[in-house]
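The structure appears below as structure tokens.
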Amino acid sequence: MKAMDKPFTFNLSVLTSCAAFWSAVYCLLILLVEVITMSIYIGILLILVTITSYLCLWYFSLPQPDDALVTEVLGSNPKLMKRRKSSPQSPLITSNSFSNDEQDNDDKEFFPVIGHRGAGLDAPENSLSAIKQCHDKGCRAVEFDLALTADDVPVLFHDDTVDRLTHATGLVQQMTWEQLQTLDISAKHPLQERFVGERVALFSDVIRLCLDLDLRMIIDVKDESIKVVQVILEAFQAHPKLYKRAMVSAFNPLIIYMVRSRDPKIVCSLAWRPYFYSYSSYGPETSCTRRYTYLPAHVVARAADLVSTWLLNTVGFYILGLSAVLLHKNVITTDLVTRWEQRNIRVVVWTVNRPHEKLYYSRVLQLAYITDTLASDKLGTLY
């Protein structure tokens, strides 16, 4: 078919790519002209601005926790252990070249499986029963969600509303603890008959249970109020063992910054997935629904997605002093994992439920993964 005979079709993606390319070319040309024609004072100004911005980032950045502390929480990094064991020792390197802390870290266990909301397909999510069941099945780490009620009681709950888990309706933040504790969170669970009457768990009860069972914890902060920061800090002060057993995580970097600026010893991670600010869900398994139906609001949310992604990958991890990133499984590549590990930041994958995916992430990429079910995990023999 000749080009002139081809019917015209409109592709917005291609048009946007063309516009972005020529906009970049235009900006580069302007910059080139400025560099050629600018005076020495403008050049000095650019250098000063660059240095000043770097110093500001350095001043406000938070140091990473000690590696030994991160290893206590997340276990040993199997890739680092493998490299140390496989690297030949030169005549100048003795068996005592590594510090005692590094040798102790190599002896720590690797925790590849993390129960998502306590493995919420096997038991009602974010419940005491789910966490106990994770321990009984041999899982050494759990992830759960922290939220606040209307009367500021810290509880475990993921959604903004109680509709998905119970027969009631309403926002969690608008319900008191007295109202919330009457709800049966097993009401719509596939295994409801095994967990009849399961109640919303208190954050304090879950912390004590996990410490008693010696479980590692990922505390995923869902509430975005400043009050939740104080709840976390008070929990670590009341239970010093949490420093070696818990990692605080959130999608909101401001929450992480407020926590670590008050207590830099707390191990923290940032959760990330594509289109977080513009779509309520992501992935082929779920329907991608816009958070905002109003077009201008959606455009702003998409811009927030782009800016937040750029910031995380350039300066955000440095400012926050992250020890790990929790990344959606659909974006994981070997190059991406290598890039984060070169920054001394662990990668944890979520949410991985298919058996072949679990084998790939744990055996091939040697990453810890978060899962909704332990049904296909032969803990103790698979890894």
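In the structure tokens, each chain is lettered A, B, ... as it comes, each chain's residues begin at 1, and ligands are numbered from 1 in order of appearance.
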Check: Which residues, written as a PyMOL selection string, have at least one atom at most 7 Å from stretch 111-121 of chain A, with only C-alpha atoms counted and residues fewer than 6 positions away on the same chain left out?
Finding: chain A and resi 74-75+130-131+134+139-145+362+367-374
Could the residues in this selection be saved with C-alpha atoms as a PDB file, in the first residue's frame?
```pdb
ATOM      1  CA  LEU A  74      15.358  -7.865  57.004  1.00  0.00           C
ATOM      2  CA  GLY A  75      17.810 -10.702  57.402  1.00  0.00           C
ATOM      3  CA  ALA A 130      -3.738 -14.234  60.391  1.00  0.00           C
ATOM      4  CA  ILE A 131      -0.503 -13.331  62.158  1.00  0.00           C
ATOM      5  CA  CYS A 134       1.734 -17.103  59.541  1.00  0.00           C
ATOM      6  CA  CYS A 139       6.641 -17.656  57.988  1.00  0.00           C
ATOM      7  CA  ARG A 140       9.106 -15.402  59.803  1.00  0.00           C
ATOM      8  CA  ALA A 141       7.874 -11.972  58.668  1.00  0.00           C
ATOM      9  CA  VAL A 142       4.512 -10.223  58.300  1.00  0.00           C
ATOM     10  CA  GLU A 143       3.277  -6.969  56.833  1.00  0.00           C
ATOM     11  CA  PHE A 144       0.264  -5.143  58.237  1.00  0.00           C
ATOM     12  CA  ASP A 145      -1.505  -1.799  57.853  1.00  0.00           C
ATOM     13  CA  SER A 362      13.304 -15.796  45.638  1.00  0.00           C
ATOM     14  CA  LEU A 367      14.585 -11.019  46.721  1.00  0.00           C
ATOM     15  CA  ALA A 368      12.120 -11.104  49.579  1.00  0.00           C
ATOM     16  CA  TYR A 369       8.505 -10.996  48.428  1.00  0.00           C
ATOM     17  CA  ILE A 370       5.186 -10.123  50.049  1.00  0.00           C
ATOM     18  CA  THR A 371       2.373 -12.597  49.450  1.00  0.00           C
ATOM     19  CA  ASP A 372      -1.327 -12.980  50.213  1.00  0.00           C
ATOM     20  CA  THR A 373      -1.117 -16.738  50.689  1.00  0.00           C
ATOM     21  CA  LEU A 374       1.358 -19.252  52.061  1.00  0.00           C
TER      22      LEU A 374
END
```
Next item on the list: Write out as JSON, numbers by chain which residues come within 12 Å of A:Arg302 when counting only C-alpha atoms, dropping same-chain ones fewer than 4 positions away.
Entry: {"A": [274, 275, 276, 277, 278, 279, 290, 291, 292, 295, 296, 297, 298, 306, 307, 308, 309]}
Restrict the selected residues to C-alpha atoms and save them as a tab-separated table (two decimals), in the first residue's frame.
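Saved as selection_0.tsv:
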```
chain	number	residue	atom	x	y	z
A	274	PRO	CA	3.12	3.21	38.86
A	275	TYR	CA	0.21	5.68	38.76
A	276	PHE	CA	-0.24	5.72	42.54
A	277	TYR	CA	-1.66	9.24	42.70
A	278	SER	CA	-3.86	8.99	39.60
A	279	TYR	CA	-5.27	5.44	39.79
A	290	ARG	CA	-9.18	6.81	38.22
A	291	ARG	CA	-9.01	8.40	41.62
A	292	TYR	CA	-10.48	11.60	40.16
A	295	LEU	CA	-10.16	15.90	34.26
A	296	PRO	CA	-8.01	18.76	35.66
A	297	ALA	CA	-7.64	16.86	38.95
A	298	HIS	CA	-6.62	13.74	37.04
A	306	LEU	CA	5.80	11.72	37.26
A	307	VAL	CA	7.35	14.09	39.78
A	308	SER	CA	7.23	11.59	42.67
A	309	THR	CA	8.82	8.87	40.54
```
Next item on the list: Check the smallest atom-to-atom distance from each of A:Leu336, A:Ala201, A:Leu15, A:Ala150 to A:Met175 using only C-alpha atoms, then report the winner.
Entry: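 Distance minimum relative to A:Met175 lands on A:Ala150.
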Item checked: Pairwise distance for atom CA of A:Ile219 and atom CA of A:Ile185, rounded to one decimal in Å ->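 Distance between the two atoms: 19.6 Å.
Note that the spacing between atom CA of A:Cys210 and atom CA of A:Phe157 amounts to 16.7 Å.
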Contact residues around A:Gln181 with only C-alpha atoms at 12 Å, ignoring same-chain residues under 2 positions, as a PDB file with all heavy atoms, in the first residue's frame:
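As written to disk, result_16.pdb reads:
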```
ATOM      1  N   SER A 127      -5.517  -9.429  60.861  1.00  0.00           N
ATOM      2  CA  SER A 127      -6.121  -9.943  62.097  1.00  0.00           C
ATOM      3  C   SER A 127      -5.074 -10.673  62.929  1.00  0.00           C
ATOM      4  O   SER A 127      -4.031 -11.101  62.433  1.00  0.00           O
ATOM      5  CB  SER A 127      -7.274 -10.900  61.777  1.00  0.00           C
ATOM      6  OG  SER A 127      -6.789 -12.081  61.156  1.00  0.00           O
ATOM      7  N   THR A 149      -8.503   5.460  64.173  1.00  0.00           N
ATOM      8  CA  THR A 149      -9.953   5.634  64.225  1.00  0.00           C
ATOM      9  C   THR A 149     -10.287   7.108  64.467  1.00  0.00           C
ATOM     10  O   THR A 149      -9.396   7.948  64.619  1.00  0.00           O
ATOM     11  CB  THR A 149     -10.546   4.778  65.359  1.00  0.00           C
ATOM     12  OG1 THR A 149     -10.022   5.255  66.610  1.00  0.00           O
ATOM     13  CG2 THR A 149     -10.172   3.320  65.188  1.00  0.00           C
ATOM     14  N   VAL A 153      -7.479   5.926  67.974  1.00  0.00           N
ATOM     15  CA  VAL A 153      -6.993   4.626  68.437  1.00  0.00           C
ATOM     16  C   VAL A 153      -6.288   3.935  67.265  1.00  0.00           C
ATOM     17  O   VAL A 153      -6.889   3.762  66.199  1.00  0.00           O
ATOM     18  CB  VAL A 153      -8.146   3.746  68.950  1.00  0.00           C
ATOM     19  CG1 VAL A 153      -7.637   2.351  69.340  1.00  0.00           C
ATOM     20  CG2 VAL A 153      -8.836   4.408  70.129  1.00  0.00           C
ATOM     21  N   VAL A 155      -5.202   1.101  64.938  1.00  0.00           N
ATOM     22  CA  VAL A 155      -5.709  -0.235  64.641  1.00  0.00           C
ATOM     23  C   VAL A 155      -5.092  -0.731  63.339  1.00  0.00           C
ATOM     24  O   VAL A 155      -4.417   0.018  62.619  1.00  0.00           O
ATOM     25  CB  VAL A 155      -7.249  -0.233  64.503  1.00  0.00           C
ATOM     26  CG1 VAL A 155      -7.904   0.163  65.819  1.00  0.00           C
ATOM     27  CG2 VAL A 155      -7.700   0.692  63.372  1.00  0.00           C
ATOM     28  N   LEU A 156      -5.349  -2.005  63.038  1.00  0.00           N
ATOM     29  CA  LEU A 156      -4.902  -2.569  61.770  1.00  0.00           C
ATOM     30  C   LEU A 156      -6.063  -2.554  60.787  1.00  0.00           C
ATOM     31  O   LEU A 156      -7.090  -3.232  60.992  1.00  0.00           O
ATOM     32  CB  LEU A 156      -4.397  -4.007  61.961  1.00  0.00           C
ATOM     33  CG  LEU A 156      -2.896  -4.163  62.188  1.00  0.00           C
ATOM     34  CD1 LEU A 156      -2.465  -3.408  63.435  1.00  0.00           C
ATOM     35  CD2 LEU A 156      -2.516  -5.624  62.278  1.00  0.00           C
ATOM     36  N   PHE A 157      -5.917  -1.758  59.709  1.00  0.00           N
ATOM     37  CA  PHE A 157      -6.943  -1.722  58.670  1.00  0.00           C
ATOM     38  C   PHE A 157      -6.318  -1.142  57.411  1.00  0.00           C
ATOM     39  O   PHE A 157      -5.568  -0.167  57.487  1.00  0.00           O
ATOM     40  CB  PHE A 157      -8.153  -0.889  59.105  1.00  0.00           C
ATOM     41  CG  PHE A 157      -9.459  -1.452  58.615  1.00  0.00           C
ATOM     42  CD1 PHE A 157     -10.173  -2.337  59.395  1.00  0.00           C
ATOM     43  CD2 PHE A 157      -9.960  -1.125  57.360  1.00  0.00           C
ATOM     44  CE1 PHE A 157     -11.371  -2.879  58.947  1.00  0.00           C
ATOM     45  CE2 PHE A 157     -11.145  -1.659  56.902  1.00  0.00           C
ATOM     46  CZ  PHE A 157     -11.873  -2.539  57.698  1.00  0.00           C
ATOM     47  N   VAL A 162     -14.939   0.327  55.619  1.00  0.00           N
ATOM     48  CA  VAL A 162     -15.081  -1.044  56.130  1.00  0.00           C
ATOM     49  C   VAL A 162     -15.928  -1.903  55.187  1.00  0.00           C
ATOM     50  O   VAL A 162     -16.167  -3.085  55.472  1.00  0.00           O
ATOM     51  CB  VAL A 162     -15.726  -1.029  57.531  1.00  0.00           C
ATOM     52  CG1 VAL A 162     -14.865  -0.247  58.510  1.00  0.00           C
ATOM     53  CG2 VAL A 162     -17.151  -0.431  57.470  1.00  0.00           C
ATOM     54  N   THR A 166     -16.551  -6.129  55.731  1.00  0.00           N
ATOM     55  CA  THR A 166     -17.665  -6.361  56.654  1.00  0.00           C
ATOM     56  C   THR A 166     -18.995  -6.084  55.963  1.00  0.00           C
ATOM     57  O   THR A 166     -19.049  -5.625  54.819  1.00  0.00           O
ATOM     58  CB  THR A 166     -17.544  -5.454  57.893  1.00  0.00           C
ATOM     59  OG1 THR A 166     -17.868  -4.106  57.526  1.00  0.00           O
ATOM     60  CG2 THR A 166     -16.131  -5.492  58.465  1.00  0.00           C
ATOM     61  N   ALA A 168     -20.960  -3.881  57.175  1.00  0.00           N
ATOM     62  CA  ALA A 168     -21.245  -2.484  57.507  1.00  0.00           C
ATOM     63  C   ALA A 168     -20.691  -1.565  56.417  1.00  0.00           C
ATOM     64  O   ALA A 168     -19.992  -2.008  55.499  1.00  0.00           O
ATOM     65  CB  ALA A 168     -20.651  -2.136  58.868  1.00  0.00           C
ATOM     66  N   VAL A 172     -13.319   4.416  58.005  1.00  0.00           N
ATOM     67  CA  VAL A 172     -12.631   4.019  59.234  1.00  0.00           C
ATOM     68  C   VAL A 172     -12.297   5.240  60.079  1.00  0.00           C
ATOM     69  O   VAL A 172     -12.466   5.234  61.305  1.00  0.00           O
ATOM     70  CB  VAL A 172     -11.339   3.240  58.894  1.00  0.00           C
ATOM     71  CG1 VAL A 172     -10.544   2.938  60.159  1.00  0.00           C
ATOM     72  CG2 VAL A 172     -11.670   1.952  58.160  1.00  0.00           C
ATOM     73  N   MET A 175     -15.144   6.428  62.274  1.00  0.00           N
ATOM     74  CA  MET A 175     -15.717   5.490  63.231  1.00  0.00           C
ATOM     75  C   MET A 175     -14.839   5.424  64.474  1.00  0.00           C
ATOM     76  O   MET A 175     -13.605   5.444  64.380  1.00  0.00           O
ATOM     77  CB  MET A 175     -15.849   4.095  62.606  1.00  0.00           C
ATOM     78  CG  MET A 175     -16.688   4.062  61.338  1.00  0.00           C
ATOM     79  SD  MET A 175     -16.790   2.412  60.590  1.00  0.00           S
ATOM     80  CE  MET A 175     -17.838   1.568  61.769  1.00  0.00           C
ATOM     81  N   THR A 176     -15.456   5.357  65.618  1.00  0.00           N
ATOM     82  CA  THR A 176     -14.715   5.234  66.867  1.00  0.00           C
ATOM     83  C   THR A 176     -14.281   3.783  67.060  1.00  0.00           C
ATOM     84  O   THR A 176     -14.783   2.868  66.394  1.00  0.00           O
ATOM     85  CB  THR A 176     -15.574   5.668  68.061  1.00  0.00           C
ATOM     86  OG1 THR A 176     -16.688   4.764  68.185  1.00  0.00           O
ATOM     87  CG2 THR A 176     -16.083   7.086  67.876  1.00  0.00           C
ATOM     88  N   TRP A 177     -13.353   3.578  68.002  1.00  0.00           N
ATOM     89  CA  TRP A 177     -12.902   2.222  68.283  1.00  0.00           C
ATOM     90  C   TRP A 177     -14.060   1.382  68.820  1.00  0.00           C
ATOM     91  O   TRP A 177     -14.190   0.198  68.497  1.00  0.00           O
ATOM     92  CB  TRP A 177     -11.758   2.258  69.291  1.00  0.00           C
ATOM     93  CG  TRP A 177     -11.443   0.938  69.904  1.00  0.00           C
ATOM     94  CD1 TRP A 177     -11.449   0.608  71.219  1.00  0.00           C
ATOM     95  CD2 TRP A 177     -11.068  -0.263  69.206  1.00  0.00           C
ATOM     96  NE1 TRP A 177     -11.101  -0.712  71.395  1.00  0.00           N
ATOM     97  CE2 TRP A 177     -10.866  -1.272  70.181  1.00  0.00           C
ATOM     98  CE3 TRP A 177     -10.898  -0.582  67.861  1.00  0.00           C
ATOM     99  CZ2 TRP A 177     -10.501  -2.567  69.849  1.00  0.00           C
ATOM    100  CZ3 TRP A 177     -10.525  -1.883  67.527  1.00  0.00           C
ATOM    101  CH2 TRP A 177     -10.331  -2.858  68.509  1.00  0.00           C
ATOM    102  N   GLU A 178     -14.933   1.988  69.599  1.00  0.00           N
ATOM    103  CA  GLU A 178     -16.088   1.259  70.135  1.00  0.00           C
ATOM    104  C   GLU A 178     -16.974   0.749  69.002  1.00  0.00           C
ATOM    105  O   GLU A 178     -17.494  -0.374  69.062  1.00  0.00           O
ATOM    106  CB  GLU A 178     -16.892   2.175  71.072  1.00  0.00           C
ATOM    107  CG  GLU A 178     -18.061   1.471  71.750  1.00  0.00           C
ATOM    108  CD  GLU A 178     -18.811   2.386  72.703  1.00  0.00           C
ATOM    109  OE1 GLU A 178     -18.397   3.557  72.861  1.00  0.00           O
ATOM    110  OE2 GLU A 178     -19.796   1.917  73.312  1.00  0.00           O
ATOM    111  N   GLN A 179     -17.154   1.553  67.952  1.00  0.00           N
ATOM    112  CA  GLN A 179     -17.959   1.123  66.806  1.00  0.00           C
ATOM    113  C   GLN A 179     -17.227   0.070  65.979  1.00  0.00           C
ATOM    114  O   GLN A 179     -17.819  -0.910  65.516  1.00  0.00           O
ATOM    115  CB  GLN A 179     -18.293   2.334  65.934  1.00  0.00           C
ATOM    116  CG  GLN A 179     -19.183   3.367  66.588  1.00  0.00           C
ATOM    117  CD  GLN A 179     -19.312   4.623  65.742  1.00  0.00           C
ATOM    118  OE1 GLN A 179     -18.327   5.140  65.211  1.00  0.00           O
ATOM    119  NE2 GLN A 179     -20.535   5.139  65.625  1.00  0.00           N
ATOM    120  N   LEU A 183     -17.430  -4.968  64.625  1.00  0.00           N
ATOM    121  CA  LEU A 183     -17.548  -5.513  63.269  1.00  0.00           C
ATOM    122  C   LEU A 183     -16.807  -6.839  63.140  1.00  0.00           C
ATOM    123  O   LEU A 183     -15.741  -7.036  63.719  1.00  0.00           O
ATOM    124  CB  LEU A 183     -16.993  -4.507  62.262  1.00  0.00           C
ATOM    125  CG  LEU A 183     -17.613  -3.112  62.275  1.00  0.00           C
ATOM    126  CD1 LEU A 183     -16.967  -2.236  61.206  1.00  0.00           C
ATOM    127  CD2 LEU A 183     -19.116  -3.192  62.055  1.00  0.00           C
ATOM    128  N   ASP A 184     -17.395  -7.723  62.352  1.00  0.00           N
ATOM    129  CA  ASP A 184     -16.788  -9.024  62.062  1.00  0.00           C
ATOM    130  C   ASP A 184     -16.029  -8.921  60.737  1.00  0.00           C
ATOM    131  O   ASP A 184     -16.640  -8.852  59.673  1.00  0.00           O
ATOM    132  CB  ASP A 184     -17.870 -10.094  61.988  1.00  0.00           C
ATOM    133  CG  ASP A 184     -17.304 -11.488  61.739  1.00  0.00           C
ATOM    134  OD1 ASP A 184     -16.064 -11.616  61.615  1.00  0.00           O
ATOM    135  OD2 ASP A 184     -18.102 -12.445  61.644  1.00  0.00           O
ATOM    136  N   ILE A 185     -14.696  -8.905  60.794  1.00  0.00           N
ATOM    137  CA  ILE A 185     -13.911  -8.736  59.568  1.00  0.00           C
ATOM    138  C   ILE A 185     -13.729 -10.048  58.801  1.00  0.00           C
ATOM    139  O   ILE A 185     -13.083 -10.069  57.742  1.00  0.00           O
ATOM    140  CB  ILE A 185     -12.521  -8.134  59.878  1.00  0.00           C
ATOM    141  CG1 ILE A 185     -11.736  -9.028  60.849  1.00  0.00           C
ATOM    142  CG2 ILE A 185     -12.654  -6.721  60.413  1.00  0.00           C
ATOM    143  CD1 ILE A 185     -10.307  -8.561  61.061  1.00  0.00           C
ATOM    144  N   GLY A 197     -16.486 -14.230  63.763  1.00  0.00           N
ATOM    145  CA  GLY A 197     -16.360 -13.299  64.882  1.00  0.00           C
ATOM    146  C   GLY A 197     -14.997 -12.647  65.007  1.00  0.00           C
ATOM    147  O   GLY A 197     -14.720 -12.013  66.031  1.00  0.00           O
ATOM    148  N   GLU A 198     -14.156 -12.780  63.982  1.00  0.00           N
ATOM    149  CA  GLU A 198     -12.831 -12.143  64.040  1.00  0.00           C
ATOM    150  C   GLU A 198     -12.986 -10.627  64.077  1.00  0.00           C
ATOM    151  O   GLU A 198     -13.710 -10.043  63.269  1.00  0.00           O
ATOM    152  CB  GLU A 198     -12.003 -12.548  62.827  1.00  0.00           C
ATOM    153  CG  GLU A 198     -10.558 -12.126  62.903  1.00  0.00           C
ATOM    154  CD  GLU A 198      -9.756 -12.966  63.908  1.00  0.00           C
ATOM    155  OE1 GLU A 198     -10.017 -14.172  64.031  1.00  0.00           O
ATOM    156  OE2 GLU A 198      -8.881 -12.365  64.577  1.00  0.00           O
ATOM    157  N   ARG A 199     -12.292  -9.963  64.995  1.00  0.00           N
ATOM    158  CA  ARG A 199     -12.447  -8.520  65.190  1.00  0.00           C
ATOM    159  C   ARG A 199     -11.239  -7.753  64.669  1.00  0.00           C
ATOM    160  O   ARG A 199     -10.154  -8.308  64.471  1.00  0.00           O
ATOM    161  CB  ARG A 199     -12.650  -8.207  66.680  1.00  0.00           C
ATOM    162  CG  ARG A 199     -13.839  -8.917  67.300  1.00  0.00           C
ATOM    163  CD  ARG A 199     -15.139  -8.591  66.581  1.00  0.00           C
ATOM    164  NE  ARG A 199     -16.270  -9.335  67.136  1.00  0.00           N
ATOM    165  CZ  ARG A 199     -17.472  -9.379  66.569  1.00  0.00           C
ATOM    166  NH1 ARG A 199     -17.696  -8.739  65.440  1.00  0.00           N
ATOM    167  NH2 ARG A 199     -18.451 -10.067  67.134  1.00  0.00           N
ATOM    168  N   VAL A 200     -11.442  -6.472  64.497  1.00  0.00           N
ATOM    169  CA  VAL A 200     -10.342  -5.572  64.126  1.00  0.00           C
ATOM    170  C   VAL A 200      -9.305  -5.600  65.235  1.00  0.00           C
ATOM    171  O   VAL A 200      -9.644  -5.549  66.426  1.00  0.00           O
ATOM    172  CB  VAL A 200     -10.857  -4.135  63.904  1.00  0.00           C
ATOM    173  CG1 VAL A 200      -9.689  -3.184  63.635  1.00  0.00           C
ATOM    174  CG2 VAL A 200     -11.849  -4.099  62.748  1.00  0.00           C
ATOM    175  N   ALA A 201      -8.040  -5.690  64.853  1.00  0.00           N
ATOM    176  CA  ALA A 201      -6.965  -5.816  65.838  1.00  0.00           C
ATOM    177  C   ALA A 201      -6.419  -4.452  66.233  1.00  0.00           C
ATOM    178  O   ALA A 201      -6.267  -3.556  65.395  1.00  0.00           O
ATOM    179  CB  ALA A 201      -5.837  -6.680  65.269  1.00  0.00           C
ATOM    180  N   LEU A 202      -6.094  -4.320  67.512  1.00  0.00           N
ATOM    181  CA  LEU A 202      -5.406  -3.130  67.997  1.00  0.00           C
ATOM    182  C   LEU A 202      -3.931  -3.206  67.625  1.00  0.00           C
ATOM    183  O   LEU A 202      -3.306  -4.269  67.684  1.00  0.00           O
ATOM    184  CB  LEU A 202      -5.536  -3.022  69.520  1.00  0.00           C
ATOM    185  CG  LEU A 202      -6.880  -2.545  70.084  1.00  0.00           C
ATOM    186  CD1 LEU A 202      -6.905  -2.757  71.586  1.00  0.00           C
ATOM    187  CD2 LEU A 202      -7.116  -1.080  69.738  1.00  0.00           C
TER     188      LEU A 202
END
```
Margin query: I need the helix (DSSP H, G or I) residues of stretch 85-216 of chain A per DSSP on the backbone, written as a PyMOL selection string.
Written below: chain A and resi 85-86+100-106+128-136+172-174+177-180+192-194+203-212
Kindly save the residues from that selection, with N, CA and C atoms included, as a short mmCIF file (atom, residue, chain, number, x, y, z; two decimals), in the first residue's frame.
```
data_model
loop_
_atom_site.label_atom_id
_atom_site.label_comp_id
_atom_site.auth_asym_id
_atom_site.auth_seq_id
_atom_site.Cartn_x
_atom_site.Cartn_y
_atom_site.Cartn_z
N LYS A 85 31.47 -15.13 49.52
CA LYS A 85 31.94 -16.51 49.57
C LYS A 85 32.64 -16.91 48.28
N SER A 86 32.18 -16.33 47.14
CA SER A 86 32.74 -16.72 45.85
C SER A 86 33.98 -15.92 45.47
N ASN A 100 33.73 -7.58 62.49
CA ASN A 100 32.93 -8.56 63.22
C ASN A 100 31.46 -8.42 62.92
N ASP A 101 30.99 -7.15 62.76
CA ASP A 101 29.58 -6.92 62.44
C ASP A 101 29.23 -7.55 61.11
N GLU A 102 30.13 -7.40 60.11
CA GLU A 102 29.85 -7.94 58.79
C GLU A 102 29.81 -9.47 58.84
N GLN A 103 30.71 -10.08 59.61
CA GLN A 103 30.70 -11.53 59.73
C GLN A 103 29.44 -12.00 60.46
N ASP A 104 29.01 -11.26 61.48
CA ASP A 104 27.78 -11.61 62.18
C ASP A 104 26.59 -11.48 61.24
N ASN A 105 26.60 -10.45 60.38
CA ASN A 105 25.50 -10.25 59.46
C ASN A 105 25.37 -11.42 58.50
N ASP A 106 26.50 -12.00 58.09
CA ASP A 106 26.45 -13.14 57.18
C ASP A 106 25.75 -14.34 57.82
N LEU A 128 -5.38 -10.84 64.21
CA LEU A 128 -4.50 -11.60 65.08
C LEU A 128 -4.41 -13.06 64.63
N SER A 129 -5.52 -13.59 64.14
CA SER A 129 -5.52 -14.98 63.66
C SER A 129 -4.60 -15.14 62.46
N ALA A 130 -4.60 -14.16 61.57
CA ALA A 130 -3.74 -14.23 60.39
C ALA A 130 -2.27 -14.25 60.79
N ILE A 131 -1.91 -13.41 61.72
CA ILE A 131 -0.50 -13.33 62.16
C ILE A 131 -0.09 -14.62 62.86
N LYS A 132 -0.96 -15.15 63.72
CA LYS A 132 -0.65 -16.42 64.39
C LYS A 132 -0.50 -17.54 63.37
N GLN A 133 -1.35 -17.54 62.35
CA GLN A 133 -1.28 -18.59 61.34
C GLN A 133 0.00 -18.50 60.53
N CYS A 134 0.46 -17.28 60.23
CA CYS A 134 1.73 -17.10 59.54
C CYS A 134 2.86 -17.75 60.34
N HIS A 135 2.87 -17.51 61.63
CA HIS A 135 3.90 -18.08 62.48
C HIS A 135 3.80 -19.61 62.51
N ASP A 136 2.58 -20.12 62.62
CA ASP A 136 2.38 -21.57 62.70
C ASP A 136 2.83 -22.27 61.42
N VAL A 172 -13.32 4.42 58.00
CA VAL A 172 -12.63 4.02 59.23
C VAL A 172 -12.30 5.24 60.08
N GLN A 173 -11.85 6.30 59.43
CA GLN A 173 -11.46 7.51 60.16
C GLN A 173 -12.64 8.23 60.80
N GLN A 174 -13.86 7.86 60.39
CA GLN A 174 -15.04 8.49 60.97
C GLN A 174 -15.74 7.59 61.99
N TRP A 177 -13.35 3.58 68.00
CA TRP A 177 -12.90 2.22 68.28
C TRP A 177 -14.06 1.38 68.82
N GLU A 178 -14.93 1.99 69.60
CA GLU A 178 -16.09 1.26 70.14
C GLU A 178 -16.97 0.75 69.00
N GLN A 179 -17.15 1.55 67.95
CA GLN A 179 -17.96 1.12 66.81
C GLN A 179 -17.23 0.07 65.98
N LEU A 180 -15.93 0.26 65.82
CA LEU A 180 -15.16 -0.60 64.93
C LEU A 180 -15.00 -2.01 65.50
N GLN A 192 -14.60 -17.93 55.85
CA GLN A 192 -15.31 -17.25 56.93
C GLN A 192 -15.73 -18.20 58.05
N GLU A 193 -16.09 -19.43 57.69
CA GLU A 193 -16.58 -20.35 58.72
C GLU A 193 -15.49 -20.73 59.73
N ARG A 194 -14.22 -20.57 59.36
CA ARG A 194 -13.13 -20.90 60.28
C ARG A 194 -12.80 -19.75 61.24
N PHE A 203 -3.37 -2.09 67.27
CA PHE A 203 -1.95 -2.02 66.90
C PHE A 203 -1.07 -2.50 68.05
N SER A 204 -1.40 -2.10 69.26
CA SER A 204 -0.60 -2.49 70.42
C SER A 204 -0.63 -4.00 70.65
N ASP A 205 -1.78 -4.63 70.43
CA ASP A 205 -1.88 -6.08 70.59
C ASP A 205 -1.05 -6.82 69.55
N VAL A 206 -1.07 -6.31 68.33
CA VAL A 206 -0.31 -6.94 67.25
C VAL A 206 1.19 -6.83 67.50
N ILE A 207 1.64 -5.67 67.96
CA ILE A 207 3.06 -5.48 68.26
C ILE A 207 3.51 -6.49 69.32
N ARG A 208 2.74 -6.62 70.38
CA ARG A 208 3.11 -7.55 71.45
C ARG A 208 3.11 -8.99 70.94
N LEU A 209 2.13 -9.34 70.12
CA LEU A 209 2.07 -10.70 69.58
C LEU A 209 3.27 -11.00 68.70
N CYS A 210 3.61 -10.10 67.81
CA CYS A 210 4.74 -10.31 66.90
C CYS A 210 6.05 -10.42 67.65
N LEU A 211 6.21 -9.60 68.68
CA LEU A 211 7.42 -9.68 69.49
C LEU A 211 7.49 -11.00 70.25
N ASP A 212 6.36 -11.44 70.77
CA ASP A 212 6.33 -12.72 71.49
C ASP A 212 6.66 -13.89 70.57
#
```
Next item on the list: Determine which residues of stretch 49-210 of chain A DSSP labels as strand (DSSP E or B) from the backbone of this structure, then write them out as a PyMOL selection string.
Entry: chain A and resi 75+110+113-116+141-148+154-156+161+171+202
Margin query: As an exercise, work out the distance from atom CA of A:Val259 to atom CA of A:Met247 in Å and give it to one decimal place.
Written below: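 These two atoms are separated by 11.3 Å.
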Next item on the list: Would you mind telling me which residue in A:Asn344, A:Ser269, A:Ser225, A:Thr351 lies nearest to A:Val248 when using only C-alpha atoms?
Entry: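 The answer is A:Ser269, which sits nearest to A:Val248.
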Notebook entry, point to check: Near stretch 354-357 of chain A, within 9 Å and counting only C-alpha atoms, which residues show up once chain neighbours fewer than 2 positions away are dropped, as a list in words?
Noted result: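 What passes the distance filter is Val352, Leu359, Tyr360, Tyr361, Ser362, Thr371, Ser376 and Asp377 of chain A.
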Checklist line | Spatial neighbours of A:Pro190, 9 Å, only C-alpha atoms, chain gap at least 4 places, as number ranges by chain | finding: A: 121-124, 186
Dump as a compact mmCIF listing (two decimals), in the first residue's frame, selection limited to N, CA and C atoms:
```txt
# COMPACT_ATOMS: atom_id res chain seq x y z
N LEU A 121 -5.31 -14.05 52.34
CA LEU A 121 -6.17 -15.04 51.70
C LEU A 121 -6.33 -16.29 52.56
N ASP A 122 -5.41 -16.50 53.47
CA ASP A 122 -5.45 -17.69 54.33
C ASP A 122 -6.24 -17.45 55.61
N ALA A 123 -6.40 -16.19 55.97
CA ALA A 123 -7.15 -15.80 57.17
C ALA A 123 -7.56 -14.34 56.99
N PRO A 124 -8.55 -13.86 57.74
CA PRO A 124 -8.94 -12.46 57.60
C PRO A 124 -7.74 -11.52 57.72
N SER A 186 -14.33 -11.13 59.30
CA SER A 186 -14.32 -12.39 58.55
C SER A 186 -15.58 -12.57 57.72
```
